[in-house]
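To start, the structure under review is shown below, and the notes come after it.
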Amino acid sequence: MPFTNRVKLNICATDYTVTSEDPEEYMRSIGAEVDHAMRVLLDSDPRISTTMAAVLTALTNADRAHKAEAAADNLRQQMKDYLDDNAKARQELERLRREVQELRGRPGGAQK
């Protein structure tokens, strides 16, 4: 069973105890990020409730996560395409090397 950290976070004047396999410092930084994002929203408009700020922060973070995943998928596909192109180029190089060797071995062919 993995080690689990229990961390007490204060977000917008409310304490939350969270458990995670991630390091305490990481969890605190995530909590501080959420607290900051919510406070910016709360300070921007007095009509925004804490619940509304939490939902808007969650939507923003979900949007970022989806876009980051799409960017990562795109990079993975590009890397796969580059690796495929590289493999094809290596195969072509080997084919050409064999062809050169065959030509060198023929009478009247290129000599070393």
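Identifiers in the structure tokens: chain A, B, ... in order shown; residue index from 1 per chain; ligand index from 1 in order shown.
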
**OP:** Could you give me, as a list of chain:residue names, the residues within 9 Å of Ala53 in chain A, counting only C-alpha atoms and dropping anything in the same chain fewer than 2 positions from it?
**Re:** A:Ala37, A:Met38, A:Arg39, A:Val40, A:Leu41, A:Leu42, A:Ile48, A:Ser49, A:Thr50, A:Thr51, A:Val55, A:Leu56, A:Thr57, A:Ala58

Just write the chosen residues, C-alpha atoms, as a compact mmCIF listing (two decimals), in the first residue's frame.
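File written: out_34.txt
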```txt
# COMPACT_ATOMS: atom_id res chain seq x y z
CA ALA A 37 -7.47 31.72 -8.02
CA MET A 38 -10.63 31.78 -5.90
CA ARG A 39 -9.60 34.95 -4.07
CA VAL A 40 -8.92 36.73 -7.37
CA LEU A 41 -12.46 35.87 -8.48
CA LEU A 42 -13.98 36.85 -5.13
CA ILE A 48 -19.52 36.08 -6.61
CA SER A 49 -20.02 33.61 -3.77
CA THR A 50 -17.36 31.20 -2.53
CA THR A 51 -19.25 28.37 -4.22
CA VAL A 55 -16.96 26.23 -9.60
CA LEU A 56 -15.33 28.83 -11.85
CA THR A 57 -11.89 27.80 -10.59
CA ALA A 58 -12.73 24.14 -11.21
```

**OP:** Within chain A, find each residue whose DSSP state, derived from the backbone, is helix (DSSP H, G or I), and express the selection as a ChimeraX atom specification.
**Re:** /A:24-44,50-105

Subject >> For Arg6 in chain A: contacts at 12 Å, only C-alpha atoms, fewer than 4 positions along chain excluded, given as a list in words >> reply: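 The residues that qualify are Tyr16, Thr17, Val18, Thr19, Ser20, Glu21, Asp22, Pro23, Glu24, Glu25, Met27 and Arg28 of chain A.
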
Can you write out the residues you just picked, keeping N, CA and C atoms, as a JSON list (two decimals), in the first residue's frame?
```json
[["chain", "number", "residue", "atom", "x", "y", "z"],
["A", 16, "TYR", "N", -9.55, 22.31, 4.94],
["A", 16, "TYR", "CA", -9.82, 21.03, 4.28],
["A", 16, "TYR", "C", -8.65, 20.11, 4.60],
["A", 17, "THR", "N", -8.97, 18.90, 5.01],
["A", 17, "THR", "CA", -7.93, 17.89, 5.18],
["A", 17, "THR", "C", -8.02, 16.96, 4.00],
["A", 18, "VAL", "N", -6.91, 16.88, 3.27],
["A", 18, "VAL", "CA", -6.87, 16.05, 2.08],
["A", 18, "VAL", "C", -5.82, 14.96, 2.27],
["A", 19, "THR", "N", -6.08, 13.83, 1.66],
["A", 19, "THR", "CA", -5.10, 12.75, 1.67],
["A", 19, "THR", "C", -4.64, 12.52, 0.25],
["A", 20, "SER", "N", -3.35, 12.25, 0.11],
["A", 20, "SER", "CA", -2.78, 12.07, -1.21],
["A", 20, "SER", "C", -1.48, 11.28, -1.10],
["A", 21, "GLU", "N", -1.13, 10.62, -2.17],
["A", 21, "GLU", "CA", 0.17, 9.96, -2.26],
["A", 21, "GLU", "C", 1.25, 10.96, -2.64],
["A", 22, "ASP", "N", 0.84, 12.17, -3.04],
["A", 22, "ASP", "CA", 1.80, 13.20, -3.42],
["A", 22, "ASP", "C", 2.45, 13.81, -2.18],
["A", 23, "PRO", "N", 3.64, 14.39, -2.34],
["A", 23, "PRO", "CA", 4.31, 15.02, -1.20],
["A", 23, "PRO", "C", 3.51, 16.18, -0.62],
["A", 24, "GLU", "N", 3.68, 16.41, 0.67],
["A", 24, "GLU", "CA", 2.96, 17.47, 1.36],
["A", 24, "GLU", "C", 3.21, 18.83, 0.71],
["A", 25, "GLU", "N", 4.46, 19.10, 0.33],
["A", 25, "GLU", "CA", 4.80, 20.40, -0.27],
["A", 25, "GLU", "C", 4.01, 20.62, -1.57],
["A", 27, "MET", "N", 1.08, 19.24, -2.34],
["A", 27, "MET", "CA", -0.33, 19.46, -2.01],
["A", 27, "MET", "C", -0.55, 20.88, -1.50],
["A", 28, "ARG", "N", 0.39, 21.37, -0.69],
["A", 28, "ARG", "CA", 0.26, 22.76, -0.20],
["A", 28, "ARG", "C", 0.32, 23.75, -1.36]]
```

**OP:** Measure the distance from CA of Leu83 in chain A to CA of Arg64 in chain A in Å and round it to one decimal.
**Re:**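 According to the coordinates, CA of Leu83 in chain A and CA of Arg64 in chain A are separated by 28.3 Å.
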
Subject >> Separation of CA of Pro46 in chain A from CA of Thr60 in chain A, in Å and rounded to one decimal >> reply: 19.5 Å

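Atom to atom, CA of Glu33 in chain A and CA of Thr14 in chain A stand 14.7 Å apart.
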
Original post:
Counting only C-alpha atoms, what is within 9 Å of Gly31 in chain A, bar same-chain residues fewer than 6 positions away, as number ranges by chain?
Top reply: A: 9-11

**OP:** Per DSSP on the backbone, filter chain A down to the residues in strand (DSSP E or B) and report them as a list in words.
**Re:** Asn5, Arg6, Val7, Lys8, Leu9, Asn10, Ile11, Thr14, Asp15, Tyr16, Thr17, Val18, Thr19 and Ser20 of chain A

How would the residues just picked look written out with N, CA, C and O atoms as a short mmCIF file (atom, residue, chain, number, x, y, z; two decimals), in the first residue's frame?
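Dumped to selection.cif:
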```
data_model
loop_
_atom_site.label_atom_id
_atom_site.label_comp_id
_atom_site.auth_asym_id
_atom_site.auth_seq_id
_atom_site.Cartn_x
_atom_site.Cartn_y
_atom_site.Cartn_z
N ASN A 5 -0.23 10.83 2.47
CA ASN A 5 -0.05 12.04 3.27
C ASN A 5 -1.40 12.67 3.57
O ASN A 5 -2.24 12.77 2.69
N ARG A 6 -1.58 13.08 4.81
CA ARG A 6 -2.75 13.86 5.19
C ARG A 6 -2.27 15.29 5.37
O ARG A 6 -1.36 15.55 6.15
N VAL A 7 -2.91 16.20 4.64
CA VAL A 7 -2.48 17.60 4.66
C VAL A 7 -3.70 18.48 4.92
O VAL A 7 -4.74 18.31 4.30
N LYS A 8 -3.52 19.42 5.84
CA LYS A 8 -4.59 20.37 6.14
C LYS A 8 -4.34 21.63 5.30
O LYS A 8 -3.28 22.24 5.39
N LEU A 9 -5.33 21.97 4.47
CA LEU A 9 -5.24 23.14 3.61
C LEU A 9 -6.30 24.15 4.01
O LEU A 9 -7.41 23.77 4.39
N ASN A 10 -5.96 25.44 3.93
CA ASN A 10 -6.92 26.49 4.18
C ASN A 10 -7.16 27.21 2.87
O ASN A 10 -6.27 27.85 2.32
N ILE A 11 -8.39 27.06 2.37
CA ILE A 11 -8.76 27.69 1.12
C ILE A 11 -9.96 28.60 1.36
O ILE A 11 -11.01 28.13 1.80
N THR A 14 -11.56 28.38 4.81
CA THR A 14 -12.14 27.09 5.19
C THR A 14 -11.03 26.05 5.18
O THR A 14 -10.24 25.97 4.23
N ASP A 15 -10.98 25.26 6.25
CA ASP A 15 -9.97 24.21 6.34
C ASP A 15 -10.45 22.93 5.67
O ASP A 15 -11.61 22.54 5.82
N TYR A 16 -9.55 22.31 4.94
CA TYR A 16 -9.82 21.03 4.28
C TYR A 16 -8.65 20.11 4.60
O TYR A 16 -7.50 20.50 4.47
N THR A 17 -8.97 18.90 5.01
CA THR A 17 -7.93 17.89 5.18
C THR A 17 -8.02 16.96 4.00
O THR A 17 -9.06 16.35 3.75
N VAL A 18 -6.91 16.88 3.27
CA VAL A 18 -6.87 16.05 2.08
C VAL A 18 -5.82 14.96 2.27
O VAL A 18 -4.85 15.14 2.99
N THR A 19 -6.08 13.83 1.66
CA THR A 19 -5.10 12.75 1.67
C THR A 19 -4.64 12.52 0.25
O THR A 19 -5.43 12.61 -0.71
N SER A 20 -3.35 12.25 0.11
CA SER A 20 -2.78 12.07 -1.21
C SER A 20 -1.48 11.28 -1.10
O SER A 20 -0.83 11.29 -0.05
#
```
